[in-house]
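Visitor: Take a look at this one; I'll ask things after.
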Amino acid sequence: MNKEMLDKIILGIDYGEARIGLAFGRNGFVSPLTAVTARNEMTAIHEIIRVALENRVDFFVVGLPLGYDHRETLQSNKVRLFSKRLKVLSRKPVEFVDEYNSSNEGLENALEEGVNKKARHTTDQYSAGVILKTFYESS
């Protein structure tokens with residue numbers, strides 16, 4: 001892992017049209033945080049910026065949904081547009097990582113953590129954690 005990455009505080013983001021999962025990363029360790037509602041994108045962006053400021057986040061890592069052939073999709077374009085708005089308003093860098101299978105891995109992680117059946121529909125923060133883990137592994 002890149003030594004300069006170790007000291008950075010990263011906010012991992014799993015973008016979804018209903019909810020946006022958030023997870024913290026530092027020193028290669030990942031901690032799922034929460035999910036914010038995405039019904040109003042600007043409200044969600046402001047909430048993410050608030051979390052970033054309160055926790056002195058250095059940059060964002062956003063999961064980019066790619067097709068099975070590793071090409072960008074319609075959803076990839078939505079994620080890039082959201083990320084551009086986040087970058088401009090927060091004035092913080094945004095990195096992308098392929099989010100392939102992050103939702104399934106996030107659900108598995110939630111099960112391992114003992115998340116009850118009723119709460120499993122909100123595992124977006126675990127998916128954000130998987131995205132950060134992938135970022136660390138590829139750095």
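To be explicit about the labels: the chains of the structure tokens are called A, B, and onward in the order shown, and within each one the residues are counted from 1, while ligands get numbers from 1 in the order they are shown.
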Excluding Leu53 (chain A) and any residue of its chain fewer than 2 positions from it, enumerate the residues within 12 Å of it, using only C-alpha atoms, and give them as a PyMOL selection string.
Guide: chain A and resi 9-11+46-51+55-60+90-92
Visitor: Please, could you write that set of residues out with N, CA, C and O atoms as a CSV table (one decimal), in the first residue's frame?
Guide:
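Here's the written file part-v1.csv:
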```csv
chain,number,residue,atom,x,y,z
A,9,ILE,N,-7.4,10.1,5.7
A,9,ILE,CA,-8.8,9.7,6.1
A,9,ILE,C,-9.6,9.7,4.9
A,9,ILE,O,-9.7,10.7,4.2
A,10,ILE,N,-10.2,8.6,4.6
A,10,ILE,CA,-11.0,8.4,3.4
A,10,ILE,C,-12.5,8.1,3.7
A,10,ILE,O,-12.7,7.4,4.6
A,11,LEU,N,-13.4,8.7,2.9
A,11,LEU,CA,-14.8,8.4,3.0
A,11,LEU,C,-15.2,7.6,1.8
A,11,LEU,O,-15.1,8.1,0.7
A,46,HIS,N,-24.8,17.5,0.7
A,46,HIS,CA,-24.5,18.4,1.8
A,46,HIS,C,-24.3,17.5,3.1
A,46,HIS,O,-23.5,17.9,3.9
A,47,GLU,N,-25.1,16.5,3.2
A,47,GLU,CA,-24.9,15.6,4.4
A,47,GLU,C,-23.6,14.9,4.3
A,47,GLU,O,-22.9,14.8,5.4
A,48,ILE,N,-23.2,14.4,3.2
A,48,ILE,CA,-21.9,13.8,3.0
A,48,ILE,C,-20.8,14.8,3.3
A,48,ILE,O,-19.8,14.4,4.0
A,49,ILE,N,-20.9,16.0,2.8
A,49,ILE,CA,-19.9,17.0,3.1
A,49,ILE,C,-19.8,17.3,4.6
A,49,ILE,O,-18.7,17.4,5.2
A,50,ARG,N,-20.9,17.3,5.3
A,50,ARG,CA,-21.0,17.6,6.7
A,50,ARG,C,-20.2,16.5,7.4
A,50,ARG,O,-19.3,16.7,8.3
A,51,VAL,N,-20.5,15.2,7.1
A,51,VAL,CA,-19.8,14.1,7.7
A,51,VAL,C,-18.2,14.2,7.4
A,51,VAL,O,-17.4,14.0,8.3
A,55,ASN,N,-15.2,14.9,10.3
A,55,ASN,CA,-14.3,13.8,10.5
A,55,ASN,C,-12.9,14.0,9.8
A,55,ASN,O,-12.1,13.1,9.6
A,56,ARG,N,-12.8,15.2,9.2
A,56,ARG,CA,-11.5,15.6,8.6
A,56,ARG,C,-11.1,14.7,7.5
A,56,ARG,O,-9.9,14.3,7.4
A,57,VAL,N,-12.0,14.3,6.6
A,57,VAL,CA,-11.8,13.4,5.5
A,57,VAL,C,-10.9,14.2,4.5
A,57,VAL,O,-11.1,15.3,4.2
A,58,ASP,N,-9.9,13.4,4.0
A,58,ASP,CA,-9.0,14.0,3.0
A,58,ASP,C,-9.6,13.9,1.5
A,58,ASP,O,-9.3,14.7,0.7
A,59,PHE,N,-10.2,12.7,1.3
A,59,PHE,CA,-10.8,12.6,-0.1
A,59,PHE,C,-11.8,11.4,0.0
A,59,PHE,O,-12.0,10.8,1.0
A,60,PHE,N,-12.5,11.3,-1.2
A,60,PHE,CA,-13.6,10.4,-1.3
A,60,PHE,C,-13.2,9.3,-2.3
A,60,PHE,O,-12.5,9.5,-3.2
A,90,SER,N,-17.5,20.1,-2.3
A,90,SER,CA,-16.6,19.8,-1.1
A,90,SER,C,-15.2,20.3,-1.3
A,90,SER,O,-14.5,20.5,-0.3
A,91,ARG,N,-14.8,20.5,-2.5
A,91,ARG,CA,-13.4,20.9,-2.8
A,91,ARG,C,-12.4,19.8,-2.3
A,91,ARG,O,-11.3,20.1,-1.9
A,92,LYS,N,-12.9,18.6,-2.4
A,92,LYS,CA,-12.0,17.4,-2.1
A,92,LYS,C,-11.9,16.5,-3.3
A,92,LYS,O,-12.8,16.3,-4.0
```
Visitor: Find the residues near Ala44 (chain A): any atom within 10 Å, counting only C-alpha atoms, skip ones fewer than 4 places away on the same chain, and give them as a PyMOL selection string.
Guide: chain A and resi 19-20+35-40+48-50+86
Visitor: Could you give me, as number ranges by chain, each residue of region 7-132 of chain A that DSSP assigns to strand (DSSP E or B) when run on this structure's backbone?
Guide: A: 10-14, 19-26, 29-37, 59-64, 66, 72, 94-98
Visitor: Leaving out Gly129 (chain A) and any residue of its chain fewer than 2 positions from it, which residues lie within 8 Å of it when counting only C-alpha atoms, given as a list in words?
Guide: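 Using only C-alpha atoms, the neighbours found are Gly12, Leu22, Ala23, Phe24, Gly25, Val30, Ser31, Pro32, Gly106, Gln125, Tyr126, Ser127, Ile131, Leu132 and Lys133 of chain A.
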Visitor: Store the residues picked out above, limited to N, CA, C and O atoms, as a compact mmCIF listing (two decimals), in the first residue's frame.
Guide:
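Written file, result-v5.txt:
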```txt
# COMPACT_ATOMS: atom_id res chain seq x y z
N GLY A 12 -15.50 6.33 2.00
CA GLY A 12 -15.96 5.47 0.90
C GLY A 12 -17.44 5.70 0.66
O GLY A 12 -18.21 5.86 1.62
N LEU A 22 -21.98 5.02 3.35
CA LEU A 22 -20.73 5.69 3.71
C LEU A 22 -19.92 4.79 4.65
O LEU A 22 -20.48 4.14 5.53
N ALA A 23 -18.60 4.80 4.44
CA ALA A 23 -17.69 4.06 5.32
C ALA A 23 -16.40 4.85 5.44
O ALA A 23 -15.99 5.55 4.51
N PHE A 24 -15.76 4.74 6.61
CA PHE A 24 -14.48 5.40 6.85
C PHE A 24 -13.34 4.44 6.57
O PHE A 24 -13.44 3.25 6.82
N GLY A 25 -12.24 5.02 6.12
CA GLY A 25 -11.02 4.25 5.97
C GLY A 25 -9.84 5.06 6.45
O GLY A 25 -9.75 6.27 6.21
N VAL A 30 -11.05 -0.33 7.60
CA VAL A 30 -12.33 0.16 7.09
C VAL A 30 -13.41 -0.04 8.15
O VAL A 30 -13.45 -1.08 8.81
N SER A 31 -14.27 0.97 8.28
CA SER A 31 -15.37 0.90 9.23
C SER A 31 -16.65 1.42 8.58
O SER A 31 -16.73 2.60 8.23
N PRO A 32 -17.65 0.55 8.39
CA PRO A 32 -18.94 1.03 7.86
C PRO A 32 -19.50 2.10 8.78
O PRO A 32 -19.39 1.99 10.01
N GLY A 106 -21.00 -6.79 0.74
CA GLY A 106 -21.51 -5.97 1.84
C GLY A 106 -22.55 -6.72 2.65
O GLY A 106 -22.56 -6.66 3.88
N GLN A 125 -23.84 0.86 3.81
CA GLN A 125 -22.59 1.25 4.44
C GLN A 125 -21.57 0.11 4.39
O GLN A 125 -20.37 0.34 4.31
N TYR A 126 -22.05 -1.14 4.40
CA TYR A 126 -21.14 -2.28 4.29
C TYR A 126 -20.60 -2.38 2.86
O TYR A 126 -19.43 -2.71 2.66
N SER A 127 -21.44 -2.07 1.89
CA SER A 127 -20.98 -2.04 0.50
C SER A 127 -19.93 -0.94 0.32
O SER A 127 -18.94 -1.13 -0.39
N ILE A 131 -16.03 -1.26 -0.98
CA ILE A 131 -15.43 -0.37 -1.98
C ILE A 131 -14.10 0.17 -1.46
O ILE A 131 -13.09 0.18 -2.18
N LEU A 132 -14.06 0.60 -0.20
CA LEU A 132 -12.81 1.09 0.38
C LEU A 132 -11.77 -0.02 0.48
O LEU A 132 -10.58 0.21 0.21
N LYS A 133 -12.19 -1.20 0.87
CA LYS A 133 -11.27 -2.33 0.96
C LYS A 133 -10.64 -2.61 -0.40
O LYS A 133 -9.43 -2.82 -0.51
```
Visitor: Closest to Asp69 (chain A) among A:Asp124, A:Tyr15, A:Leu33, A:Asp98, using only C-alpha atoms?
Guide: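 With only C-alpha atoms as the atom set, the closest residue is A:Asp98.
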Visitor: Smallest atom-to-atom distance to Lys78 (chain A): which of A:Pro93, A:Phe135, A:Gly16, A:Thr123, using only C-alpha atoms?
Guide: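 Residue with the minimum atom-to-atom distance to Lys78 (chain A): A:Gly16.
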Visitor: Give the answer as one residue: which of A:Gly28, A:Gly67, A:Leu81, A:Asp7 has the shortest atom-to-atom distance to Ser138 (chain A), using only C-alpha atoms?
Guide: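 The closest residue to Ser138 (chain A) is A:Gly28.
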